[in-house]
Structure formats: structure tokens, C-alpha cells
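A.B. asks: Sharing work33.txt (compact mmCIF, C-alpha atoms) below.
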```txt
# COMPACT_ATOMS: atom_id res chain seq x y z
CA MET A 1 125.07 15.14 134.35
CA ARG A 2 127.31 17.19 132.08
CA SER A 3 127.01 20.86 131.31
CA LEU A 4 128.82 21.83 128.12
CA ASP A 5 129.58 25.37 127.04
CA ALA A 6 129.80 26.63 123.48
CA ALA A 7 133.53 26.03 123.16
CA GLN A 8 133.28 22.40 124.32
CA VAL A 9 130.43 21.75 121.91
CA ARG A 10 132.27 23.36 118.99
CA ARG A 11 135.44 21.32 119.64
CA SER A 12 133.38 18.12 119.54
CA LEU A 13 131.78 18.80 116.14
CA HIS A 14 133.64 18.27 112.87
CA TRP A 15 132.12 18.71 109.43
CA PRO A 16 132.56 15.19 107.97
CA ALA A 17 130.97 13.41 110.95
CA LEU A 18 128.31 16.10 111.42
CA ILE A 19 127.24 16.00 107.78
CA GLU A 20 126.89 12.22 107.91
CA ALA A 21 124.94 12.42 111.18
CA MET A 22 122.54 14.90 109.53
CA ARG A 23 122.18 12.57 106.53
CA ALA A 24 121.17 9.68 108.80
CA ALA A 25 118.79 11.86 110.84
CA LEU A 26 117.02 13.27 107.78
CA ILE A 27 116.59 9.83 106.22
CA ALA A 28 115.26 8.41 109.49
CA PHE A 29 112.83 11.31 109.75
CA SER A 30 111.53 10.96 106.20
CA GLN A 31 111.19 7.19 106.57
CA GLY A 32 109.13 7.58 109.75
CA ALA A 33 111.73 5.92 111.97
CA ALA A 34 112.28 9.01 114.13
CA ARG A 35 109.70 10.64 116.39
CA GLN A 36 109.29 14.38 116.36
CA PRO A 37 106.17 16.50 116.90
CA LEU A 38 105.69 19.88 115.28
CA ARG A 39 107.58 22.41 117.38
CA THR A 40 105.57 24.69 119.65
CA VAL A 41 105.96 28.45 119.37
CA THR A 42 105.60 30.94 122.21
CA GLU A 43 105.33 34.54 121.05
CA LEU A 44 107.49 37.00 122.99
CA PRO A 45 107.39 40.80 123.28
CA ASN A 46 109.11 42.95 120.67
CA GLY A 47 108.69 40.44 117.86
CA GLY A 48 110.55 37.58 119.52
CA CYS A 49 109.56 33.95 119.94
CA LEU A 50 110.55 30.74 121.74
CA PHE A 51 110.58 27.37 119.96
CA THR A 52 110.32 24.09 121.91
CA MET A 53 111.69 21.17 119.89
CA PRO A 54 111.78 17.55 121.22
CA ALA A 55 112.81 14.45 119.26
CA TRP A 56 113.80 10.79 119.51
CA LEU A 57 116.06 8.89 117.13
CA PRO A 58 116.41 5.09 116.95
CA HIS A 59 119.97 4.54 115.60
CA PRO A 60 121.94 5.27 117.64
CA PRO A 61 119.24 5.77 120.29
CA ALA A 62 119.03 9.45 121.22
CA LEU A 63 116.48 11.57 123.02
CA GLY A 64 116.43 15.29 123.72
CA ALA A 65 114.73 18.66 123.40
CA LYS A 66 115.98 22.06 122.31
CA LEU A 67 114.79 25.48 123.42
CA VAL A 68 115.62 28.19 120.90
CA SER A 69 114.71 31.84 121.25
CA ILE A 70 114.71 34.51 118.57
CA CYS A 71 115.14 37.99 120.03
CA PRO A 72 115.63 40.59 117.26
CA SER A 73 116.61 43.31 119.76
CA ASN A 74 119.76 41.32 120.61
CA ALA A 75 121.38 42.74 117.47
CA THR A 76 121.58 46.18 119.10
CA LEU A 77 123.38 44.62 122.08
CA GLY A 78 125.99 42.76 120.05
CA ILE A 79 124.41 39.41 120.99
CA GLU A 80 123.30 36.71 118.52
CA THR A 81 119.58 37.05 117.84
CA HIS A 82 119.18 33.23 118.05
CA GLN A 83 119.96 31.59 121.43
CA ALA A 84 119.60 27.86 122.04
CA THR A 85 119.94 25.25 124.78
CA LEU A 86 119.82 21.51 124.10
CA VAL A 87 118.88 19.03 126.85
CA MET A 88 120.01 15.47 126.09
CA LEU A 89 118.25 12.65 127.95
CA HIS A 90 119.05 8.97 128.40
CA PRO A 91 116.88 7.41 125.67
CA SER A 92 115.74 4.50 127.85
CA THR A 93 115.27 6.16 131.26
CA GLY A 94 114.60 9.80 130.38
CA GLN A 95 117.17 10.96 132.93
CA THR A 96 119.08 14.12 132.08
CA ALA A 97 122.39 13.21 130.46
CA ALA A 98 123.73 16.65 129.50
CA ILE A 99 122.82 20.27 128.94
CA LEU A 100 124.52 21.83 125.92
CA GLU A 101 124.85 25.46 124.96
CA ALA A 102 123.45 25.01 121.47
CA THR A 103 123.58 28.35 119.67
CA GLY A 104 126.69 27.33 117.75
CA LEU A 105 125.44 23.76 117.41
CA THR A 106 122.27 25.07 115.75
CA ALA A 107 124.26 27.08 113.24
CA MET A 108 126.51 24.12 112.44
CA ARG A 109 123.77 21.51 112.07
CA THR A 110 121.80 23.89 109.83
CA ALA A 111 124.86 24.42 107.64
CA ALA A 112 125.55 20.69 107.49
CA VAL A 113 122.00 20.07 106.25
CA SER A 114 122.37 22.83 103.66
CA ALA A 115 125.61 21.22 102.52
CA LEU A 116 123.70 17.98 101.98
CA SER A 117 121.20 19.90 99.85
CA VAL A 118 124.09 21.16 97.72
CA GLU A 119 125.31 17.59 97.34
CA ALA A 120 121.85 16.31 96.39
CA LEU A 121 120.45 19.18 94.32
CA ALA A 122 123.11 21.58 93.04
CA ARG A 123 124.82 21.09 89.70
CA LEU A 124 128.27 19.53 89.92
CA ASP A 125 129.72 22.45 87.95
CA ALA A 126 128.23 25.13 90.23
CA GLN A 127 131.30 27.13 91.29
CA HIS A 128 129.89 30.56 92.13
CA LEU A 129 128.35 31.01 95.58
CA ALA A 130 126.17 33.90 96.77
CA ILE A 131 125.36 34.56 100.42
CA LEU A 132 122.71 37.04 101.53
CA GLY A 133 123.35 37.69 105.21
CA THR A 134 126.45 38.02 107.40
CA GLY A 135 125.33 36.60 110.75
CA ALA A 136 126.13 33.36 112.56
CA GLN A 137 124.33 31.23 109.99
CA ALA A 138 126.17 32.89 107.10
CA ARG A 139 129.49 32.22 108.85
CA SER A 140 128.75 28.56 109.57
CA HIS A 141 127.44 27.97 106.05
CA LEU A 142 130.53 29.50 104.49
CA ASP A 143 132.69 27.17 106.56
CA ALA A 144 130.62 24.10 105.67
CA PHE A 145 130.38 24.97 101.98
CA ARG A 146 134.14 25.45 101.74
CA HIS A 147 134.52 22.01 103.25
CA ILE A 148 132.43 20.27 100.58
CA ARG A 149 133.39 22.15 97.40
CA LEU A 150 135.98 24.45 95.85
CA TRP A 151 134.39 27.74 94.77
CA GLN A 152 135.66 29.94 91.97
CA SER A 153 133.98 32.97 93.52
CA ILE A 154 132.00 33.82 96.66
CA ARG A 155 129.99 37.04 96.93
CA ALA A 156 128.10 38.23 100.01
CA TRP A 157 125.65 41.03 100.67
CA SER A 158 124.17 42.62 103.79
CA PRO A 159 122.05 45.72 104.30
CA SER A 160 124.69 46.81 106.85
CA PRO A 161 127.79 48.06 104.98
CA GLN A 162 129.89 47.83 108.13
CA ARG A 163 129.00 44.19 108.84
CA LEU A 164 129.41 43.31 105.17
CA ALA A 165 132.87 44.84 104.99
CA GLN A 166 133.97 43.01 108.13
CA PHE A 167 132.49 39.69 106.94
CA ALA A 168 134.12 39.96 103.51
CA ALA A 169 137.52 40.92 104.92
CA THR A 170 137.48 38.23 107.60
CA HIS A 171 136.58 35.47 105.16
CA ASN A 172 138.42 36.73 102.07
CA ILE A 173 135.36 36.97 99.86
CA GLU A 174 133.82 39.66 97.64
CA ALA A 175 131.43 42.22 99.10
CA ALA A 176 128.57 42.70 96.65
CA SER A 177 127.14 46.15 96.08
CA SER A 178 123.54 44.86 96.08
CA PRO A 179 121.62 41.60 96.52
CA GLU A 180 121.23 41.45 92.73
CA HIS A 181 125.00 41.81 92.28
CA ALA A 182 125.52 38.92 94.70
CA VAL A 183 122.96 36.61 93.11
CA ARG A 184 123.53 37.19 89.38
CA ASN A 185 125.36 34.20 87.78
CA ALA A 186 125.55 32.28 91.09
CA GLY A 187 125.06 28.53 90.90
CA VAL A 188 124.34 28.21 94.64
CA ILE A 189 122.50 30.95 96.54
CA LEU A 190 122.12 31.03 100.32
CA LEU A 191 119.42 33.18 101.90
CA ALA A 192 120.36 33.61 105.56
CA THR A 193 118.47 36.75 106.45
CA SER A 194 116.13 38.01 109.13
CA SER A 195 113.93 39.78 106.58
CA PRO A 196 110.17 39.14 106.79
CA THR A 197 109.77 40.09 103.10
CA PRO A 198 111.42 38.69 99.94
CA VAL A 199 115.09 39.55 99.50
CA ILE A 200 115.60 37.83 96.15
CA ASP A 201 113.97 38.56 92.80
CA GLU A 202 113.10 35.76 90.40
CA ALA A 203 114.72 37.62 87.50
CA TRP A 204 118.15 37.52 89.17
CA VAL A 205 118.32 33.71 89.36
CA GLN A 206 119.91 31.92 86.43
CA PRO A 207 118.68 28.57 85.07
CA GLY A 208 120.24 25.66 86.91
CA ALA A 209 120.78 27.50 90.19
CA HIS A 210 120.22 25.94 93.61
CA VAL A 211 118.69 28.25 96.23
CA ILE A 212 118.81 27.53 99.97
CA SER A 213 116.46 29.46 102.25
CA ILE A 214 117.06 29.18 105.99
CA GLY A 215 115.39 32.42 107.08
CA ALA A 216 111.71 33.35 107.43
CA PRO A 217 110.89 30.56 109.93
CA ARG A 218 107.40 31.84 110.80
CA PRO A 219 104.07 31.65 108.92
CA THR A 220 103.91 35.42 108.37
CA GLU A 221 107.45 35.78 106.98
CA ARG A 222 108.97 35.10 103.58
CA GLU A 223 112.33 35.71 101.93
CA ILE A 224 111.74 34.20 98.45
CA ASP A 225 110.02 35.85 95.50
CA PRO A 226 106.77 33.86 94.92
CA ALA A 227 107.50 33.88 91.18
CA LEU A 228 110.75 32.01 91.87
CA LEU A 229 108.89 29.41 93.97
CA HIS A 230 106.56 28.73 91.05
CA ARG A 231 109.52 28.46 88.67
CA ALA A 232 111.49 26.02 90.82
CA THR A 233 111.47 22.47 92.16
CA ILE A 234 110.92 22.77 95.92
CA VAL A 235 112.47 20.42 98.47
CA VAL A 236 111.86 20.85 102.22
CA ASP A 237 113.23 19.29 105.39
CA SER A 238 109.69 18.40 106.54
CA ARG A 239 106.42 18.65 104.63
CA VAL A 240 104.46 18.97 107.88
CA SER A 241 106.68 21.76 109.17
CA ALA A 242 106.79 23.62 105.85
CA LEU A 243 103.01 23.58 105.44
CA ALA A 244 102.47 24.73 109.03
CA GLU A 245 105.34 27.14 109.62
CA SER A 246 106.89 28.48 106.42
CA GLY A 247 105.48 31.75 105.17
CA ASP A 248 107.23 31.16 101.85
CA ILE A 249 105.14 28.01 101.40
CA ARG A 250 101.92 29.04 103.15
CA LEU A 251 101.61 32.45 101.52
CA THR A 252 102.28 31.29 97.96
CA PRO A 253 99.11 30.02 96.22
CA ASN A 254 99.14 26.69 94.36
CA ILE A 255 102.63 25.79 95.56
CA ALA A 256 103.87 22.22 95.07
CA ILE A 257 106.42 20.52 97.33
CA HIS A 258 108.46 18.02 95.34
CA ALA A 259 110.04 16.03 98.19
CA GLU A 260 111.71 16.06 101.59
CA LEU A 261 115.50 16.22 101.55
CA GLY A 262 115.65 12.92 103.44
CA GLU A 263 113.74 11.28 100.59
CA VAL A 264 116.16 12.65 98.00
CA LEU A 265 119.15 11.52 100.08
CA ALA A 266 117.66 8.04 100.43
CA ARG A 267 116.89 8.03 96.68
CA THR A 268 113.22 7.33 97.25
CA ALA A 269 112.51 10.63 95.46
CA PRO A 270 114.42 12.09 92.51
CA GLY A 271 116.65 15.11 92.87
CA ARG A 272 117.64 17.42 90.02
CA ALA A 273 116.15 16.31 86.69
CA THR A 274 117.79 18.74 84.23
CA ARG A 275 120.73 21.15 84.06
CA ALA A 276 118.39 24.12 83.58
CA GLU A 277 116.10 23.24 86.49
CA ILE A 278 116.10 25.66 89.44
CA THR A 279 115.96 23.89 92.80
CA ILE A 280 115.01 25.39 96.16
CA PHE A 281 115.69 23.86 99.56
CA LYS A 282 113.48 25.44 102.22
CA SER A 283 115.01 24.65 105.61
CA LEU A 284 113.13 25.30 108.85
CA GLY A 285 115.36 23.13 111.05
CA LEU A 286 114.29 19.89 112.71
CA ALA A 287 114.64 18.69 116.28
CA VAL A 288 116.03 15.38 114.98
CA GLU A 289 118.99 17.35 113.62
CA ASP A 290 119.68 18.87 117.04
CA VAL A 291 119.38 15.57 118.88
CA ALA A 292 121.62 13.82 116.34
CA ALA A 293 124.22 16.58 116.72
CA GLY A 294 123.95 16.41 120.51
CA ALA A 295 124.47 12.65 120.44
CA LEU A 296 127.54 13.19 118.26
CA VAL A 297 128.96 15.63 120.83
CA LEU A 298 128.41 13.20 123.70
CA HIS A 299 129.93 10.31 121.73
CA SER A 300 132.97 12.42 120.89
CA LEU A 301 133.52 13.31 124.55
CA SER A 302 133.18 9.71 125.72
CA SER A 303 135.48 8.16 123.11
```
Before we go any further, please render this structure as C-alpha cells.
C.D. replies:
Amino acid sequence: MRSLDAAQVRRSLHWPALIEAMRAALIAFSQGAARQPLRTVTELPNGGCLFTMPAWLPHPPALGAKLVSICPSNATLGIETHQATLVMLHPSTGQTAAILEATGLTAMRTAAVSALSVEALARLDAQHLAILGTGAQARSHLDAFRHIRLWQSIRAWSPSPQRLAQFAATHNIEAASSPEHAVRNAGVILLATSSPTPVIDEAWVQPGAHVISIGAPRPTEREIDPALLHRATIVVDSRVSALAESGDIRLTPNIAIHAELGEVLARTAPGRATRAEITIFKSLGLAVEDVAAGALVLHSLSS
């Protein structure tokens, strides 16, 4: 049995292969070929929680389960608030094949899925990117998005001026003075926050924009203005997960989910219909994504 630390996992993951692995996993999930129950949630003290996320994929055969904790108090200790461990099992025997430190893997697979949503739903001429958030997910998304597209401008915002200044300087992007300043005129907008209340106003979003929401993973949380949800075409990673777990979906009356991203990628559901249409991808993260990424790591190490 292998035990792989964060550095070994990161060296084994490369954007082109990871993005294609996420494409295959999402399509398999939406077509019913993969097996994945709704994740279980254990509430922890001080507003934290523990997710348990198992999955099986048929091609290539892969089996595993991820444990991911969210501990908001970690931010005061200089530790990532999200911590994850992925256990990969032999798909035929169930024996433990490897244990992977998966905090970085989670950030990368989430960003790869978001990149696929840009491919499937954003306008081809979208050249201005806005990022709300400066944590691990913001960093991984910036890396992935720069891999798939050239951007004329990138603006970021954070409620912490110190973190924003460091993020902007490190990545050579513009530090926005407010969330509105970041979002105005952006063709692609990433919401990567820990806020339990909306961080974006419908009035800031221009026609034709594509919005990606990866925060607010619990039924009581939301980071999108409900008016924007009603104005937009909504795509999710999983209908079942979104209806059970997403506060943005659950707390917005008369909301309509257009499709799963796997359906759009497989072209069994349409993507963007018009240039003026606003699209939203609500991402909660799926265990099939983790298992597919873990299988990619193990294949890379064995080849």
C-alpha cells in the first residue's frame, strides 16, 4: 500500500490529463455509469463539518472514498480550512491500494471541473476574469483558467486587504477595490468564498457572463444573489446533490435547474443558447471527481 503526500500528488497531476479525466467522470456520472451515493455530513464544533464521499467508476475501473473536513478556525492558524484524505481501493477486491493527501487534489479537481464549465458555457470572446476569494481554490482556479484561455484582464477581491495584496502581487493580477469593481464587465466570474450569505449582486453581472460558484456547500449557505439565479441558466454537477445540499438552490423559490455539466459535455443537453444569456455553474464537488483524480495519480506513478 502506498502513502502519498501532497507534493507527490501534485507532481502526478497535470492540467490537460486532469481536465480530460474530469470530463470522463462527469459524463459517466450523468449517464448513470458511475456509482456514487449522496455524501454524508457530520457536523463539528465551531461551525465545522466532515464530508464522507465514496464512489466507483467503470472506465478505467476505480474505487475510493474521500474524507474532507471544513474547519473555519484553521484560518487563524495559517492552515487551509479544507483538509482532505483520499483512500483508493482495488476496484475488484476492495483492498487498500493507496492513501493520498488530497487537500491539493481537491482544489485541482474542482478547478479542472470549473475549467470544463468555461469551455462548455462561457462565451468564446470572454476575456475578462473576476475572482472573489484568495484561498487555495482561488489559486488553483487561476492556474487552471490560465491554462485553458488567454485573459485580457484578471481582477480579484477579498475582504482581507492583506491577503488580497499578496494574492494579486504573487499572481500578477489586479486587486479590485470592491466585489462590484471585480465583477463589473467580467465575462467569467468565479465565486470561491467562505461566505454564508450572497457576495454578488445581480445588478453587477453583465449579459452574457458565466458565473461559477464553488462556495456555500451546505443547505443553509448561499453566495449568489437569488435575483441572479432567476435571471440565469443554471447548470449543476449533480441534480441530486444540488437539491439536497446547495443553499443557493434550496433557499431560492421556484428555481429551475437546466442540466448537469456532464449532460452538456456529452451534448445530451444544450449549453449556452444566446450571447446575452447568463449562465451559472453551481459546483458542490463529486466523489467521482476525486476517485478519477486519484486513479490518474496512481496511473502516473506506475507508468
A.B. asks: Record the distance separating atom CA of Leu150 of chain A and atom CA of Leu121 of chain A, expressed in Å with one decimal.
C.D. replies: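 Calculated distance between atom CA of Leu150 of chain A and atom CA of Leu121 of chain A is 16.5 Å.
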A.B. asks: At a cut-off of 8 Å, using all atoms listed in the file, what residues contact segment 218-230 of chain A? Leave out same-chain residues fewer than 4 positions from it and give the result as a PyMOL selection string.
C.D. replies: chain A and resi 191+193+195-202+213+234+244-248+250-252+255+280
A.B. asks: Rounded to one decimal place, report the atom CA of Val188 of chain A-atom CA of Glu119 of chain A distance in Å.
C.D. replies: 11.0 Å
A.B. asks: Neighbours of Val118 of chain A within 12 Å (only C-alpha atoms; same-chain residues fewer than 2 positions away dropped), as a ChimeraX atom specification?
C.D. replies: /A:19,111-116,120-127,129,141,144-149,187-190,209-212,235,261,264-265,271-272,279-281
A.B. asks: Quick one: residues within 9 Å of Pro60 of chain A, all atoms listed in the file counted, chain neighbours fewer than 2 positions away excluded, as a count of residues only?
C.D. replies: 5
A.B. asks: With distances taken over all atoms listed in the file, which residue among A:Ala33, A:Arg109, A:Ser194, A:Met53 lies nearest Leu296 of chain A?
C.D. replies: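 Smallest separation from Leu296 of chain A among the options: A:Arg109.
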A.B. asks: Using all atoms listed in the file, which of A:Ser153, A:Ser69, A:Gln36, A:Ser30 sits nearest Leu50 of chain A?
C.D. replies: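 Nearest candidate to Leu50 of chain A out of A:Ser153, A:Ser69, A:Gln36, A:Ser30: A:Ser69.
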A.B. asks: Neighbours of Asn74 of chain A within 12 Å (all atoms listed in the file; same-chain residues fewer than 4 positions away dropped), as an MDAnalysis selection string?
C.D. replies: chainID A and resid 46:48 69:70 78:83
A.B. asks: What's the separation between atom CA of Gln152 of chain A and atom CA of Pro179 of chain A, in Å to one decimal place?
C.D. replies: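 These two atoms are separated by 18.8 Å.
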A.B. asks: Applying 8 Å and all atoms listed in the file, which residues near Val9 of chain A remain after dropping the ones on its own chain fewer than 2 positions away? List them as a ChimeraX atom specification.
C.D. replies: /A:4-7,11-13,100-102,104-105,297
A.B. asks: What are the centre and the three edge lengths of an axis-aligned box that wraps all atoms of segment 111-119 of chain A in the file, given that 4 Å is added to every side, written as JSON and rounded to one decimal in Å?
C.D. replies:
```
{"center_x": 123.4, "center_y": 21.0, "center_z": 102.5, "size_x": 12.4, "size_y": 14.8, "size_z": 18.3}
```
A.B. asks: Mind listing as a list of chain:residue names all residues within 6 Å of (108.9, 17.4, 99.6), counting only C-alpha atoms?
C.D. replies: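 Checked against the point, the hits come out as A:Val235, A:Val236, A:Arg239, A:Ile257, A:His258, A:Ala259, A:Glu260.
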A.B. asks: Name the closest residue to Glu263 of chain A among the candidates A:Ala138, A:His171, A:Ser238, A:Ala34; distances are taken between atoms, counting only C-alpha atoms.
C.D. replies: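 Closest residue, counting only C-alpha atoms: A:Ser238.
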A.B. asks: Hey, which of A:Gly32, A:Gly64, A:Pro161, A:Pro217 ends up closest to Thr85 of chain A? Count only C-alpha atoms.
C.D. replies: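 Checking each candidate against Thr85 of chain A, we get A:Gly64 as the closest.
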A.B. asks: Calculated over only C-alpha atoms, which of the candidates A:Leu284, A:Ala97, A:Ala168, A:Leu26 has the smallest distance to Phe51 of chain A?
C.D. replies: A:Leu284
